[in-house]
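> This one is target_33.pdb, PDB, C-alpha atoms and all ligand atoms.
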ATOM      1  CA  MET A  17     -86.448-125.462  14.887
ATOM      2  CA  GLY A  18     -86.712-121.736  15.387
ATOM      3  CA  ASN A  19     -89.438-119.574  13.987
ATOM      4  CA  ILE A  20     -88.957-117.643  10.779
ATOM      5  CA  GLU A  21     -88.026-114.323  12.361
ATOM      6  CA  THR A  22     -85.385-115.976  14.538
ATOM      7  CA  LEU A  23     -83.966-117.866  11.555
ATOM      8  CA  ILE A  24     -83.680-114.626   9.569
ATOM      9  CA  GLU A  25     -81.994-112.835  12.481
ATOM     10  CA  ASP A  26     -79.524-115.711  12.838
ATOM     11  CA  LEU A  27     -78.671-115.497   9.123
ATOM     12  CA  GLN A  28     -78.158-111.743   9.279
ATOM     13  CA  MET A  29     -75.946-112.073  12.334
ATOM     14  CA  ALA A  30     -73.877-114.918  10.892
ATOM     15  CA  PHE A  31     -73.226-113.044   7.634
ATOM     16  CA  SER A  32     -72.734-109.582   9.157
ATOM     17  CA  ASP A  33     -68.990-109.771   8.418
ATOM     18  CA  ILE A  34     -69.605-110.038   4.664
ATOM     19  CA  GLU A  35     -69.232-106.620   3.093
ATOM     20  CA  LYS A  36     -71.425-105.408   0.319
ATOM     21  CA  PRO A  37     -69.576-105.781  -3.017
ATOM     22  CA  LYS A  38     -68.399-102.473  -4.491
ATOM     23  CA  LYS A  39     -69.073-103.747  -7.993
ATOM     24  CA  ILE A  40     -70.456-106.914  -9.526
ATOM     25  CA  LYS A  41     -69.071-107.665 -12.956
ATOM     26  CA  GLY A  42     -71.795-108.295 -15.507
ATOM     27  CA  CYS A  43     -71.661-110.469 -18.611
ATOM     28  CA  ASP A  44     -72.148-109.041 -22.096
ATOM     29  CA  CYS A  45     -73.315-112.246 -23.812
ATOM     30  CA  GLY A  46     -76.877-110.937 -24.047
ATOM     31  CA  SER A  47     -78.598-113.550 -21.881
ATOM     32  CA  CYS A  48     -76.944-113.051 -18.492
ATOM     33  CA  LEU A  49     -77.226-109.975 -16.279
ATOM     34  CA  ASP A  50     -75.334-107.179 -18.017
ATOM     35  CA  GLN A  51     -73.370-104.452 -16.252
ATOM     36  CA  ASN A  52     -76.352-102.115 -15.964
ATOM     37  CA  GLN A  53     -78.466-104.820 -14.339
ATOM     38  CA  CYS A  54     -75.636-105.704 -11.956
ATOM     39  CA  ASP A  55     -75.327-102.027 -11.006
ATOM     40  CA  ASP A  56     -79.103-101.907 -10.444
ATOM     41  CA  LEU A  57     -78.943-105.049  -8.323
ATOM     42  CA  LEU A  58     -76.325-103.480  -6.078
ATOM     43  CA  VAL A  59     -78.342-100.283  -5.666
ATOM     44  CA  LEU A  60     -81.438-102.344  -4.917
ATOM     45  CA  SER A  61     -79.585-104.719  -2.618
ATOM     46  CA  ASP A  62     -79.765-102.236   0.267
ATOM     47  CA  ARG A  63     -83.488-102.206  -0.239
ATOM     48  CA  ILE A  64     -83.905-105.919  -0.852
ATOM     49  CA  GLU A  65     -85.645-106.094   2.426
ATOM     50  CA  LEU A  66     -87.033-109.368   3.501
ATOM     51  CA  THR A  67     -90.311-108.704   1.792
ATOM     52  CA  LEU A  68     -91.710-109.802  -1.521
ATOM     53  CA  ASP A  69     -93.723-106.712  -2.301
ATOM     54  CA  ASP A  70     -91.676-105.697  -5.348
ATOM     55  CA  ASP A  71     -91.601-108.261  -8.148
ATOM     56  CA  ASN A  72     -88.880-106.431 -10.068
ATOM     57  CA  LYS A  73     -86.459-106.589  -7.197
ATOM     58  CA  ALA A  74     -87.234-110.234  -6.576
ATOM     59  CA  SER A  75     -86.853-111.237 -10.224
ATOM     60  CA  LEU A  76     -83.555-109.383 -10.662
ATOM     61  CA  LEU A  77     -82.257-111.233  -7.630
ATOM     62  CA  CYS A  78     -83.521-114.570  -9.022
ATOM     63  CA  ASP A  79     -81.855-113.864 -12.379
ATOM     64  CA  TYR A  80     -78.644-112.995 -10.563
ATOM     65  CA  ILE A  81     -78.704-116.259  -8.598
ATOM     66  CA  PHE A  82     -78.944-118.173 -11.873
ATOM     67  CA  ASP A  83     -75.883-116.427 -13.394
ATOM     68  CA  ALA A  84     -73.877-115.839 -10.212
ATOM     69  CA  VAL A  85     -70.313-117.148 -10.090
ATOM     70  CA  TRP A  86     -70.723-118.995 -13.418
ATOM     71  CA  THR A  87     -70.732-115.876 -15.604
ATOM     72  CA  VAL A  88     -71.572-112.919 -13.382
ATOM     73  CA  GLY A  89     -69.448-111.623 -10.530
ATOM     74  CA  VAL A  90     -67.336-113.629  -8.143
ATOM     75  CA  THR A  91     -67.949-115.981  -5.220
ATOM     76  CA  LYS A  92     -67.721-113.234  -2.581
ATOM     77  CA  ASP A  93     -70.584-111.344  -4.248
ATOM     78  CA  PHE A  94     -72.748-114.449  -4.132
ATOM     79  CA  ILE A  95     -72.053-115.002  -0.426
ATOM     80  CA  TYR A  96     -73.271-111.460   0.291
ATOM     81  CA  PHE A  97     -76.660-112.384  -1.184
ATOM     82  CA  VAL A  98     -77.017-115.737   0.628
ATOM     83  CA  PRO A  99     -78.828-114.410   3.749
ATOM     84  CA  LYS A 100     -81.064-112.206   1.590
ATOM     85  CA  VAL A 101     -82.069-115.102  -0.677
ATOM     86  CA  LEU A 102     -82.709-117.467   2.227
ATOM     87  CA  GLY A 103     -84.695-114.774   4.032
ATOM     88  CA  LEU A 104     -86.929-114.421   0.984
ATOM     89  CA  CYS A 105     -87.269-118.211   0.723
ATOM     90  CA  LEU A 106     -88.369-118.322   4.368
ATOM     91  CA  ARG A 107     -91.080-115.790   3.551
ATOM     92  CA  GLN A 108     -92.083-117.639   0.381
ATOM     93  CA  TYR A 109     -90.869-121.233   0.154
ATOM     94  CA  ASP A 110     -91.059-121.291  -3.686
ATOM     95  CA  PHE A 111     -89.237-117.992  -4.199
ATOM     96  CA  LEU A 112     -86.461-119.737  -6.157
ATOM     97  CA  GLU A 113     -87.364-121.365  -9.461
ATOM     98  CA  SER A 114     -84.338-123.660  -9.384
ATOM     99  CA  PRO A 115     -83.396-124.286  -5.769
ATOM    100  CA  ASN A 116     -80.801-126.859  -6.788
ATOM    101  CA  ILE A 117     -78.834-124.164  -8.603
ATOM    102  CA  PHE A 118     -78.812-121.954  -5.510
ATOM    103  CA  VAL A 119     -77.858-124.779  -3.156
ATOM    104  CA  ASN A 120     -75.247-126.080  -5.578
ATOM    105  CA  LYS A 121     -73.679-122.624  -5.604
ATOM    106  CA  LEU A 122     -73.495-122.692  -1.800
ATOM    107  CA  ALA A 123     -71.242-125.733  -2.231
ATOM    108  CA  MET A 124     -69.250-123.997  -4.984
ATOM    109  CA  ALA A 125     -68.854-120.977  -2.703
ATOM    110  CA  GLY A 126     -67.073-123.124  -0.118
ATOM    111  CA  PHE A 127     -69.972-123.792   2.279
ATOM    112  CA  ASN A 128     -68.197-126.777   3.810
ATOM    113  CA  GLU A 129     -65.367-124.505   5.000
ATOM    114  CA  TRP A 130     -67.545-121.657   6.273
ATOM    115  CA  SER A 131     -67.708-120.732   9.959
ATOM    116  CA  ALA A 132     -69.953-122.814  12.204
ATOM    117  CA  SER A 133     -72.403-119.933  12.655
ATOM    118  CA  LYS A 134     -72.797-119.471   8.894
ATOM    119  CA  LYS A 135     -73.233-123.191   8.284
ATOM    120  CA  MET A 136     -75.685-123.626  11.151
ATOM    121  CA  SER A 137     -77.824-120.635  10.175
ATOM    122  CA  VAL A 138     -77.951-121.774   6.536
ATOM    123  CA  GLU A 139     -78.760-125.376   7.460
ATOM    124  CA  ALA A 140     -81.557-124.267   9.815
ATOM    125  CA  ALA A 141     -83.004-121.963   7.136
ATOM    126  CA  LEU A 142     -82.814-124.653   4.440
ATOM    127  CA  LEU A 143     -84.537-127.158   6.717
ATOM    128  CA  LYS A 144     -87.359-124.720   7.398
ATOM    129  CA  VAL A 145     -87.822-123.770   3.728
ATOM    130  CA  VAL A 146     -87.892-127.416   2.650
ATOM    131  CA  GLU A 147     -90.330-128.216   5.472
ATOM    132  CA  LEU A 148     -92.631-125.371   4.411
ATOM    133  CA  GLY A 149     -92.527-126.676   0.830
ATOM    134  CA  ILE A 150     -93.367-130.224   1.881
ATOM    135  CA  GLN A 151     -96.288-129.010   3.976
ATOM    136  CA  SER A 152     -97.570-127.182   0.894
ATOM    137  CA  SER A 153     -97.266-130.402  -1.178
ATOM    138  CA  SER A 154     -94.469-128.914  -3.259
ATOM    139  CA  ASP A 155     -92.806-131.245  -5.779
ATOM    140  CA  GLU A 156     -89.441-129.546  -5.274
ATOM    141  CA  PHE A 157     -88.061-131.841  -2.559
ATOM    142  CA  ASP A 158     -85.848-133.654  -5.049
ATOM    143  CA  ASN A 159     -84.623-130.356  -6.413
ATOM    144  CA  TRP A 160     -83.590-129.130  -2.960
ATOM    145  CA  MET A 161     -82.182-132.478  -1.885
ATOM    146  CA  SER A 162     -79.869-132.923  -4.866
ATOM    147  CA  GLY A 163     -78.226-129.663  -3.800
ATOM    148  CA  VAL A 164     -78.324-130.350  -0.073
ATOM    149  CA  CYS A 165     -76.474-133.658  -0.515
ATOM    150  CA  ALA A 166     -73.383-131.715  -1.621
ATOM    151  CA  LEU A 167     -73.316-129.807   1.672
ATOM    152  CA  ASP A 168     -71.885-130.946   4.990
ATOM    153  CA  VAL A 169     -75.228-130.821   6.777
ATOM    154  CA  SER A 170     -77.352-133.512   8.382
ATOM    155  CA  HIS A 171     -78.889-135.213   5.345
ATOM    156  CA  GLN A 172     -80.886-137.375   7.749
ATOM    157  CA  LYS A 173     -82.683-134.336   9.172
ATOM    158  CA  PHE A 174     -83.849-133.427   5.677
ATOM    159  CA  MET A 175     -85.046-136.971   4.944
ATOM    160  CA  ASP A 176     -86.843-137.047   8.317
ATOM    161  CA  LEU A 177     -88.975-134.120   7.108
ATOM    162  CA  LEU A 178     -90.725-136.552   4.749
ATOM    163  CA  ASP A 179     -91.933-138.694   7.655
ATOM    164  CA  GLY A 180     -94.156-136.083   9.278
ATOM    165  CA  ASP A 181     -97.874-135.494   8.861
ATOM    166  CA  GLY A 182     -99.089-133.891   5.624
ATOM    167  CA  THR A 183     -96.055-134.991   3.656
ATOM    168  CA  GLU A 184     -97.690-137.620   1.440
ATOM    169  CA  VAL A 185     -97.616-135.703  -1.856
ATOM    170  CA  SER A 186     -93.971-134.691  -1.566
ATOM    171  CA  ARG A 187     -93.013-138.182  -0.384
ATOM    172  CA  ARG A 188     -94.731-139.851  -3.347
ATOM    173  CA  ASN A 189     -93.221-137.414  -5.843
ATOM    174  CA  PHE A 190     -89.763-137.993  -4.482
ATOM    175  CA  ILE A 191     -90.097-141.774  -4.517
ATOM    176  CA  GLN A 192     -91.550-141.797  -8.021
ATOM    177  CA  TYR A 193     -88.760-139.583  -9.314
ATOM    178  CA  HIS A 194     -86.150-142.062  -8.148
ATOM    179  CA  TYR A 195     -88.002-145.174  -9.295
ATOM    180  CA  PRO A 196     -88.868-144.217 -12.853
ATOM    181  CA  GLU A 197     -89.400-147.679 -14.292
ATOM    182  CA  SER A 198     -88.970-150.497 -11.875
ATOM    183  CA  TRP A 199     -88.668-151.344  -8.234
ATOM    184  CA  GLU A 200     -85.328-153.067  -8.699
ATOM    185  CA  GLY A 201     -83.503-150.218  -7.043
ATOM    186  CA  PRO A 202     -83.597-146.450  -6.754
ATOM    187  CA  ARG A 203     -82.048-144.417  -9.531
ATOM    188  CA  MET A 204     -79.794-141.725  -8.112
ATOM    189  CA  THR A 205     -79.324-139.853 -11.349
ATOM    190  CA  GLY A 206     -80.597-136.639 -12.830
ATOM    191  CA  PRO A 207     -79.570-133.016 -12.617
ATOM    192  CA  TYR A 208     -76.997-132.595  -9.832
ATOM    193  CA  TRP A 209     -77.406-136.154  -8.562
ATOM    194  CA  ASP A 210     -74.957-137.341 -11.244
ATOM    195  CA  ASP A 211     -72.170-135.185  -9.834
ATOM    196  CA  LEU A 212     -72.483-136.429  -6.264
ATOM    197  CA  PRO A 213     -70.275-139.242  -4.964
ATOM    198  CA  SER A 214     -72.273-142.197  -3.611
ATOM    199  CA  ASP A 215     -71.160-141.584  -0.016
ATOM    200  CA  LYS A 216     -72.939-138.206  -0.164
ATOM    201  CA  THR A 217     -76.179-139.784  -1.353
ATOM    202  CA  GLN A 218     -76.067-142.832   0.928
ATOM    203  CA  ILE A 219     -78.669-141.599   3.418
ATOM    204  CA  VAL A 220     -81.090-140.739   0.611
ATOM    205  CA  HIS A 221     -80.447-144.110  -1.032
ATOM    206  CA  ASN A 222     -81.053-145.930   2.260
ATOM    207  CA  TRP A 223     -84.256-144.001   2.833
ATOM    208  CA  LEU A 224     -85.549-144.850  -0.652
ATOM    209  CA  VAL A 225     -84.734-148.544  -0.258
ATOM    210  CA  SER A 226     -86.594-148.601   3.089
ATOM    211  CA  GLN A 227     -89.838-147.264   1.587
ATOM    212  CA  PRO A 228     -92.704-149.569   0.712
ATOM    213  CA  PRO A 229     -93.703-149.479  -2.985
ATOM    214  CA  ILE A 230     -96.334-146.847  -3.707
TER     215      ILE A 230
HETATM  216 ZN    ZN B   1     -73.352-114.464 -20.235
END
Please re-express this file's structure in structure tokens.

Amino acid sequence: MGNIETLIEDLQMAFSDIEKPKKIKGCDCGSCLDQNQCDDLLVLSDRIELTLDDDNKASLLCDYIFDAVWTVGVTKDFIYFVPKVLGLCLRQYDFLESPNIFVNKLAMAGFNEWSASKKMSVEAALLKVVELGIQSSSDEFDNWMSGVCALDVSHQKFMDLLDGDGTEVSRRNFIQYHYPESWEGPRMTGPYWDDLPSDKTQIVHNWLVSQPPI
């Protein structure tokens, strides 16, 4: 797996054909990004460098990711921000509050039909971000994985991340989440898991069944 700088360069290269949106349509419901905030986001987007030194920029981008495609802007706008968001996640593995929402939107934005270079650069970045989280004992593995299962990527590679050194906390959290009450069988339900067909979750299910009780 490449280092962080190489992963970011690969993302930028793979998405270099995606033009900056001329306008992102805001939502006037009062809770989503409104038109002014969308205009600000676009102005800032040139300066959303791959640094985390400006909280305002980062939080506007996080708010956008939450609303994107559902109520704010269109799919093409979201795709423009994909390499920027993943670059920030590579710098700070917990940059996104709800990684499953971001990853789920990758699927909504047609990830499975994207070019090989886009898919490969995104998969490599996701693997690295999830690995960094596991090594920091993050409890977000389930959150990432419920999104990742909707993507045509190697689900096995993601599960293999839990078998390395220093993964005990994340491994336990993930197992406990899927065995809430009994050891009769893993429960593959919860946010985003419910929407996935069982063939998409098979590798995760098999992994859970193979684990000794904790
Ligand atoms: Zn709204």
> Report as an NGL selection string the full result of the PyMOL selection byres (((chain A and resi 90-100) around 8) and not hetatm) when it is applied to this structure.
:A and (24 or 27-28 or 31 or 34-37 or 40-41 or 64-66 or 81 or 84-85 or 88-89 or 101-104 or 122 or 125 or 138)
> Limited to C-alpha atoms, could you put the picked residues into a file as a PDB file, in the frame of the given file?

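Written file, selection.pdb:
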ATOM      1  CA  ILE A  24     -83.680-114.626   9.569  1.00  0.00           C
ATOM      2  CA  LEU A  27     -78.671-115.497   9.123  1.00  0.00           C
ATOM      3  CA  GLN A  28     -78.158-111.743   9.279  1.00  0.00           C
ATOM      4  CA  PHE A  31     -73.226-113.044   7.634  1.00  0.00           C
ATOM      5  CA  ILE A  34     -69.605-110.038   4.664  1.00  0.00           C
ATOM      6  CA  GLU A  35     -69.232-106.620   3.093  1.00  0.00           C
ATOM      7  CA  LYS A  36     -71.425-105.408   0.319  1.00  0.00           C
ATOM      8  CA  PRO A  37     -69.576-105.781  -3.017  1.00  0.00           C
ATOM      9  CA  ILE A  40     -70.456-106.914  -9.526  1.00  0.00           C
ATOM     10  CA  LYS A  41     -69.071-107.665 -12.956  1.00  0.00           C
ATOM     11  CA  ILE A  64     -83.905-105.919  -0.852  1.00  0.00           C
ATOM     12  CA  GLU A  65     -85.645-106.094   2.426  1.00  0.00           C
ATOM     13  CA  LEU A  66     -87.033-109.368   3.501  1.00  0.00           C
ATOM     14  CA  ILE A  81     -78.704-116.259  -8.598  1.00  0.00           C
ATOM     15  CA  ALA A  84     -73.877-115.839 -10.212  1.00  0.00           C
ATOM     16  CA  VAL A  85     -70.313-117.148 -10.090  1.00  0.00           C
ATOM     17  CA  VAL A  88     -71.572-112.919 -13.382  1.00  0.00           C
ATOM     18  CA  GLY A  89     -69.448-111.623 -10.530  1.00  0.00           C
ATOM     19  CA  VAL A 101     -82.069-115.102  -0.677  1.00  0.00           C
ATOM     20  CA  LEU A 102     -82.709-117.467   2.227  1.00  0.00           C
ATOM     21  CA  GLY A 103     -84.695-114.774   4.032  1.00  0.00           C
ATOM     22  CA  LEU A 104     -86.929-114.421   0.984  1.00  0.00           C
ATOM     23  CA  LEU A 122     -73.495-122.692  -1.800  1.00  0.00           C
ATOM     24  CA  ALA A 125     -68.854-120.977  -2.703  1.00  0.00           C
ATOM     25  CA  VAL A 138     -77.951-121.774   6.536  1.00  0.00           C
TER      26      VAL A 138
END
> Name every residue that the PyMOL selection byres (((not hetatm)) within 7 of (chain B and resi 1)) selects in this structure, writing the answer as JSON, numbers by chain with chains first and numbers rising.
{"A": [43, 44, 45, 46, 47, 48, 87]}
> Could you work out an axis-aligned box for stretch 135-154 of chain A, taking every atom the file lists and adding 4 Å on each side, and report centre and edge lengths in Å to one decimal, as AutoDock Vina command-line options?

--center_x -85.4 --center_y -125.5 --center_z 3.9 --size_x 32.3 --size_y 17.8 --size_z 22.4
> Could you list, as a list in words, every residue within 12 Å of A:Asn222, counting only C-alpha atoms and ignoring same-chain residues fewer than 3 positions away?
His171, Gln172, Met175, Gly201, Pro202, Arg203, Met204, Ser214, Asp215, Lys216, Thr217, Gln218, Ile219, Val225, Ser226 and Gln227 of chain A
> Considering only C-alpha atoms, return as a list in words whatever protein or nucleic-acid residues lie within 9 Å of A:Gly182, sequence-local ones (same chain, fewer than 3 positions apart) excluded.
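The residues that qualify are Ile150, Gln151, Ser152, Ser153, Leu178, Asp179, Val185 and Ser186 of chain A.
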> Dump as a ChimeraX atom specification all residues having an atom at most 9 Å from (-90.8, -123.8, 6.0), computed in the file's coordinates with all atoms listed in the file.
/A:20,105-109,141-151
> With all atoms listed in the file as the atoms that count, which of A:Trp130, A:Trp160, A:Trp223, A:Tyr80 lies nearest to A:Pro115?
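Ranked by minimum distance to A:Pro115, first place goes to A:Trp160.
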> Using Å and a single decimal, report how far atom CA of A:Glu156 sits from atom CA of A:Ser170.
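Between atom CA of A:Ser170 and atom CA of A:Glu156 the gap is 18.7 Å.
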> What is the distance between atom CA of A:Leu77 and atom CA of A:Cys165, in Å to one decimal?
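Interatomic distance, atom CA of A:Leu77 to atom CA of A:Cys165: 24.2 Å.
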> Nearest residue to A:Asn159 out of A:Pro213, A:Gly206, A:Pro229, A:Gly42, using only C-alpha atoms?
A:Gly206
